[in-house]
$ cat query.txt   # compact mmCIF, C-alpha atoms
# COMPACT_ATOMS: atom_id res chain seq x y z
CA MET A 14 17.02 -0.81 -49.46
CA SER A 15 17.21 2.15 -47.07
CA GLU A 16 20.52 3.74 -46.12
CA GLY A 17 19.88 2.93 -42.46
CA TYR A 18 19.29 -0.74 -43.25
CA LEU A 19 22.44 -0.90 -45.36
CA LYS A 20 24.54 0.73 -42.63
CA GLY A 21 23.11 -1.70 -40.07
CA ARG A 22 23.94 -4.65 -42.28
CA ILE A 23 27.49 -3.43 -42.83
CA ARG A 24 27.87 -2.91 -39.08
CA ARG A 25 26.62 -6.46 -38.40
CA ASP A 26 29.10 -7.81 -40.97
CA ASP A 27 31.93 -5.88 -39.27
CA ILE A 28 30.96 -7.35 -35.89
CA VAL A 29 30.80 -10.89 -37.25
CA SER A 30 34.19 -10.45 -38.92
CA ALA A 31 35.73 -9.18 -35.69
CA ALA A 32 34.15 -12.03 -33.72
CA ALA A 33 35.52 -14.63 -36.14
CA VAL A 34 39.03 -13.25 -35.65
CA VAL A 35 38.72 -13.13 -31.85
CA TYR A 36 37.17 -16.62 -31.64
CA GLY A 37 39.94 -17.93 -33.89
CA GLU A 38 42.59 -16.41 -31.62
CA ALA A 39 41.18 -17.15 -28.19
CA GLY A 40 38.29 -19.58 -28.63
CA TYR A 41 34.68 -18.91 -27.74
CA HIS A 42 34.85 -19.15 -23.97
CA ALA A 43 37.95 -16.96 -23.58
CA SER A 44 36.53 -14.25 -25.85
CA SER A 45 34.59 -11.25 -24.58
CA LEU A 46 31.95 -9.18 -26.30
CA ARG A 47 33.83 -6.06 -25.16
CA GLU A 48 36.96 -7.18 -27.02
CA ILE A 49 34.93 -8.00 -30.12
CA ALA A 50 33.23 -4.58 -29.96
CA LYS A 51 36.64 -2.92 -29.65
CA ARG A 52 37.95 -4.79 -32.70
CA ALA A 53 34.82 -3.84 -34.65
CA GLY A 54 35.29 -0.19 -33.70
CA ILE A 55 32.00 0.19 -31.82
CA THR A 56 30.82 0.39 -28.23
CA HIS A 57 29.80 -2.62 -26.18
CA ALA A 58 26.23 -1.27 -26.17
CA GLY A 59 26.38 -0.91 -29.96
CA LEU A 60 27.36 -4.56 -30.32
CA LEU A 61 24.54 -5.64 -28.00
CA TYR A 62 22.05 -3.75 -30.17
CA HIS A 63 22.89 -6.08 -33.07
CA PHE A 64 23.68 -9.24 -31.07
CA PRO A 65 22.02 -9.25 -27.65
CA THR A 66 23.83 -12.42 -26.52
CA LYS A 67 27.21 -14.05 -27.03
CA GLU A 68 25.39 -17.13 -28.35
CA ALA A 69 23.58 -15.08 -31.03
CA LEU A 70 26.91 -13.75 -32.23
CA LEU A 71 28.43 -17.24 -32.30
CA ALA A 72 25.50 -18.46 -34.41
CA ALA A 73 26.13 -15.62 -36.89
CA VAL A 74 29.84 -16.49 -37.06
CA LEU A 75 29.04 -20.15 -37.79
CA GLU A 76 26.51 -19.16 -40.46
CA ARG A 77 29.15 -16.93 -42.04
CA ARG A 78 31.65 -19.80 -41.95
CA ASP A 79 29.23 -22.05 -43.82
CA ALA A 80 28.54 -19.32 -46.38
CA GLU A 81 32.22 -18.56 -46.95
CA ASP A 82 33.09 -22.23 -47.20
CA ALA A 83 30.03 -22.66 -49.42
CA VAL A 84 29.63 -25.96 -47.58
CA ARG A 85 26.02 -26.64 -48.50
CA GLU A 86 26.38 -25.69 -52.17
CA GLN A 87 29.84 -27.26 -52.42
CA LEU A 88 28.70 -30.66 -51.23
CA SER A 89 25.27 -30.89 -52.82
CA ALA A 90 25.46 -33.44 -55.62
CA PRO A 91 24.01 -36.90 -56.26
CA PRO A 92 25.90 -39.54 -54.22
CA GLY A 93 29.01 -40.82 -55.96
CA LEU A 94 32.38 -39.65 -57.21
CA GLU A 95 31.27 -36.03 -57.64
CA VAL A 96 30.58 -35.68 -53.90
CA LEU A 97 34.07 -37.01 -53.12
CA ARG A 98 35.57 -34.56 -55.63
CA ARG A 99 33.67 -31.71 -53.99
CA PHE A 100 35.08 -32.62 -50.57
CA ILE A 101 38.55 -32.43 -52.13
CA ALA A 102 37.61 -29.02 -53.60
CA LEU A 103 36.50 -27.95 -50.12
CA ALA A 104 39.88 -29.01 -48.70
CA GLU A 105 41.60 -27.00 -51.46
CA HIS A 106 39.45 -24.00 -50.55
CA ASN A 107 40.29 -24.37 -46.86
CA VAL A 108 44.06 -24.33 -47.36
CA ARG A 109 43.63 -20.94 -49.02
CA HIS A 110 41.62 -19.63 -46.04
CA ARG A 111 43.60 -20.35 -42.89
CA GLY A 112 41.46 -18.10 -40.68
CA ILE A 113 38.30 -20.11 -41.38
CA VAL A 114 40.12 -23.36 -40.61
CA GLU A 115 41.53 -21.98 -37.35
CA LEU A 116 38.11 -20.81 -36.24
CA TYR A 117 36.45 -24.09 -37.18
CA SER A 118 39.10 -26.26 -35.52
CA ARG A 119 39.12 -24.29 -32.28
CA LEU A 120 35.34 -24.14 -31.99
CA ALA A 121 34.90 -27.80 -32.93
CA ALA A 122 37.24 -28.83 -30.11
CA GLU A 123 35.47 -26.56 -27.61
CA ALA A 124 32.02 -27.74 -28.71
CA ILE A 125 32.50 -31.36 -27.62
CA SER A 126 30.85 -30.33 -24.35
CA GLU A 127 27.08 -30.72 -24.61
CA ASP A 128 26.47 -27.39 -22.87
CA HIS A 129 28.54 -25.45 -25.42
CA PRO A 130 26.27 -23.23 -27.56
CA ALA A 131 27.84 -24.60 -30.77
CA HIS A 132 27.52 -28.28 -29.75
CA ALA A 133 24.30 -28.86 -31.74
CA TYR A 134 25.77 -27.10 -34.79
CA PHE A 135 28.85 -29.32 -34.87
CA ALA A 136 26.89 -32.50 -34.10
CA ARG A 137 24.65 -31.73 -37.10
CA HIS A 138 27.60 -30.66 -39.25
CA TYR A 139 29.50 -33.91 -38.64
CA ARG A 140 26.39 -36.05 -39.09
CA GLU A 141 25.58 -34.42 -42.43
CA ALA A 142 29.18 -34.73 -43.65
CA ARG A 143 29.38 -38.41 -42.65
CA ASP A 144 26.00 -39.15 -44.23
CA SER A 145 26.98 -37.44 -47.48
CA ILE A 146 30.22 -39.41 -47.77
CA ALA A 147 28.62 -42.70 -46.64
CA GLN A 148 25.84 -42.38 -49.22
CA SER A 149 28.46 -41.82 -51.89
CA PHE A 150 30.49 -44.84 -50.81
CA HIS A 151 27.31 -46.98 -50.78
CA ALA A 152 26.47 -45.77 -54.31
CA LEU A 153 30.01 -46.55 -55.47
CA ALA A 154 29.83 -50.02 -53.89
CA GLU A 155 26.70 -50.75 -55.93
CA THR A 156 28.48 -49.85 -59.19
CA GLY A 157 31.67 -51.73 -58.32
CA GLU A 158 33.66 -48.50 -57.98
CA LEU A 159 34.37 -49.04 -54.26
CA ARG A 160 37.07 -51.56 -53.42
CA PRO A 161 35.57 -54.94 -52.41
CA GLY A 162 35.53 -55.38 -48.64
CA ALA A 163 35.54 -51.64 -47.88
CA ASP A 164 32.82 -50.74 -45.37
CA PRO A 165 31.11 -47.57 -46.70
CA ASP A 166 30.05 -46.28 -43.27
CA LEU A 167 33.42 -46.91 -41.63
CA ALA A 168 35.21 -45.39 -44.62
CA ALA A 169 33.04 -42.25 -44.32
CA LEU A 170 33.75 -41.91 -40.61
CA THR A 171 37.47 -42.34 -41.26
CA PHE A 172 37.49 -39.82 -44.10
CA ILE A 173 35.85 -37.07 -42.01
CA ALA A 174 38.21 -37.79 -39.10
CA LEU A 175 41.18 -37.69 -41.48
CA MET A 176 40.03 -34.41 -43.00
CA ASP A 177 39.71 -32.69 -39.62
CA GLY A 178 42.89 -34.23 -38.21
CA LEU A 179 44.90 -33.16 -41.24
CA GLN A 180 43.57 -29.62 -40.89
CA VAL A 181 44.81 -29.43 -37.29
CA GLN A 182 48.22 -30.82 -38.29
CA TRP A 183 48.35 -28.36 -41.21
CA LEU A 184 47.60 -25.45 -38.86
CA THR A 185 50.47 -26.58 -36.64
CA THR A 186 53.04 -27.27 -39.39
CA PRO A 187 51.67 -26.02 -42.72
CA THR A 188 54.82 -26.70 -44.75
CA GLN A 189 54.95 -30.34 -43.66
CA VAL A 190 51.33 -31.38 -44.20
CA ASP A 191 49.71 -31.87 -47.61
CA THR A 192 46.07 -31.99 -46.63
CA VAL A 193 44.68 -32.24 -50.15
CA GLY A 194 47.23 -34.82 -51.33
CA SER A 195 46.63 -36.99 -48.27
CA LEU A 196 42.85 -36.93 -48.74
CA ARG A 197 43.17 -37.76 -52.43
CA LEU A 198 45.49 -40.68 -51.62
CA PHE A 199 43.09 -42.06 -49.01
CA LEU A 200 40.10 -41.87 -51.32
CA GLN A 201 41.99 -43.42 -54.24
CA THR A 202 42.96 -46.43 -52.10
CA LEU A 203 39.23 -47.08 -51.59
CA LEU A 204 38.27 -46.81 -55.25
CA THR A 205 38.57 -49.15 -58.21
CA VAL A 206 38.38 -46.20 -60.64
CA PRO A 207 40.35 -42.91 -60.79
CA LEU A 208 39.02 -40.25 -58.42
CA PHE A 209 39.78 -37.61 -61.05
CA PRO A 210 39.82 -38.32 -64.80
CA ASN A 211 43.19 -37.75 -66.50
$ encode --input "query.txt" --output "structure tokens"
Amino acid sequence: MSEGYLKGRIRRDDIVSAAAVVYGEAGYHASSLREIAKRAGITHAGLLYHFPTKEALLAAVLERRDAEDAVREQLSAPPGLEVLRRFIALAEHNVRHRGIVELYSRLAAEAISEDHPAHAYFARHYREARDSIAQSFHALAETGELRPGADPDLAALTFIALMDGLQVQWLTTPTQVDTVGSLRLFLQTLLTVPLFPN
């Protein structure tokens, strides 16, 4: 790896870090590339060399968020209890990384508009999360580990909504909201077996 390549990679990482902070503070639309460049300690032209558009930088921030959250690795398991446990582990990770949660929550709210550059990312993200949970609930229903009468698809939709809603409440009043405890309680009410072994 050449020294120039390494310096360029470090510079890109600095820009993405600065962008994540600015997006978390002001949102995507209210943020400027000039402010991000200033925070990263480079010129506007220097930022544009690495990220020629605001959308390209947003894509890099979202990719970083997935990598830091380890979302794909965290949630990849055969459908069943282990997937549910990994979602709880993800929630535990998130409460230790407030900045990531702030960025995610702000961008998710902004991206409801179809013309937002992160709209497709969040639509895919939510679909994959719902599908992962729904598949697990269906698998648990087949083994008798899901409470009779519980609709796996509706339960999955509710769980993802609860997870995101709790995160927003936690950001607003962190000392009054137990995100992880609430998610564990919800899942346990749907199961006929313990979510976590004693």
$ residues_around --input "query.txt" --residues "Glu38 of chain A" --least-positions-apart "3" --cutoff "9 Å" --atoms "all atoms listed in the file" --output "PDB file with C-alpha atoms, keeping the file's coordinate frame"
ATOM      1  CA  ALA A  33      35.520 -14.630 -36.140  1.00  0.00           C
ATOM      2  CA  VAL A  34      39.030 -13.250 -35.650  1.00  0.00           C
ATOM      3  CA  VAL A  35      38.720 -13.130 -31.850  1.00  0.00           C
ATOM      4  CA  SER A  44      36.530 -14.250 -25.850  1.00  0.00           C
ATOM      5  CA  GLU A 115      41.530 -21.980 -37.350  1.00  0.00           C
ATOM      6  CA  LEU A 116      38.110 -20.810 -36.240  1.00  0.00           C
ATOM      7  CA  ARG A 119      39.120 -24.290 -32.280  1.00  0.00           C
TER       8      ARG A 119
END
$ atom_distance --input "query.txt" --atom1 "atom CA of Ala131 of chain A" --atom2 "atom CA of Tyr36 of chain A"
12.3 Å
$ closest_residue --input "query.txt" --among "A:Ala43, A:Leu71, A:Ile49, A:Ile101" --to "Pro130 of chain A" --atoms "all atoms listed in the file"
A:Leu71
$ closest_residue --input "query.txt" --among "A:Asp166, A:Glu158, A:Gly54, A:Val74" --to "Arg140 of chain A" --atoms "only C-alpha atoms"
A:Asp166
$ atom_distance --input "query.txt" --atom1 "atom CA of Pro161 of chain A" --atom2 "atom CA of Ser149 of chain A"
14.9 Å
$ closest_residue --input "query.txt" --among "A:Leu159, A:Leu184, A:Leu61, A:Glu95" --to "Gln201 of chain A" --atoms "all atoms listed in the file"
A:Leu159
$ closest_residue --input "query.txt" --among "A:Leu46, A:Ala152, A:Leu94, A:Leu167" --to "Thr66 of chain A" --atoms "all atoms listed in the file"
A:Leu46
$ closest_residue --input "query.txt" --among "A:Asn107, A:Gly59, A:Pro165, A:Gly93" --to "Val206 of chain A" --atoms "all atoms listed in the file"
A:Gly93
$ atom_distance --input "query.txt" --atom1 "atom CA of Phe64 of chain A" --atom2 "atom CA of Ile113 of chain A"
20.9 Å
$ closest_residue --input "query.txt" --among "A:Pro92, A:Gly21, A:Glu68, A:Ile146" --to "Tyr134 of chain A" --atoms "all atoms listed in the file"
A:Glu68
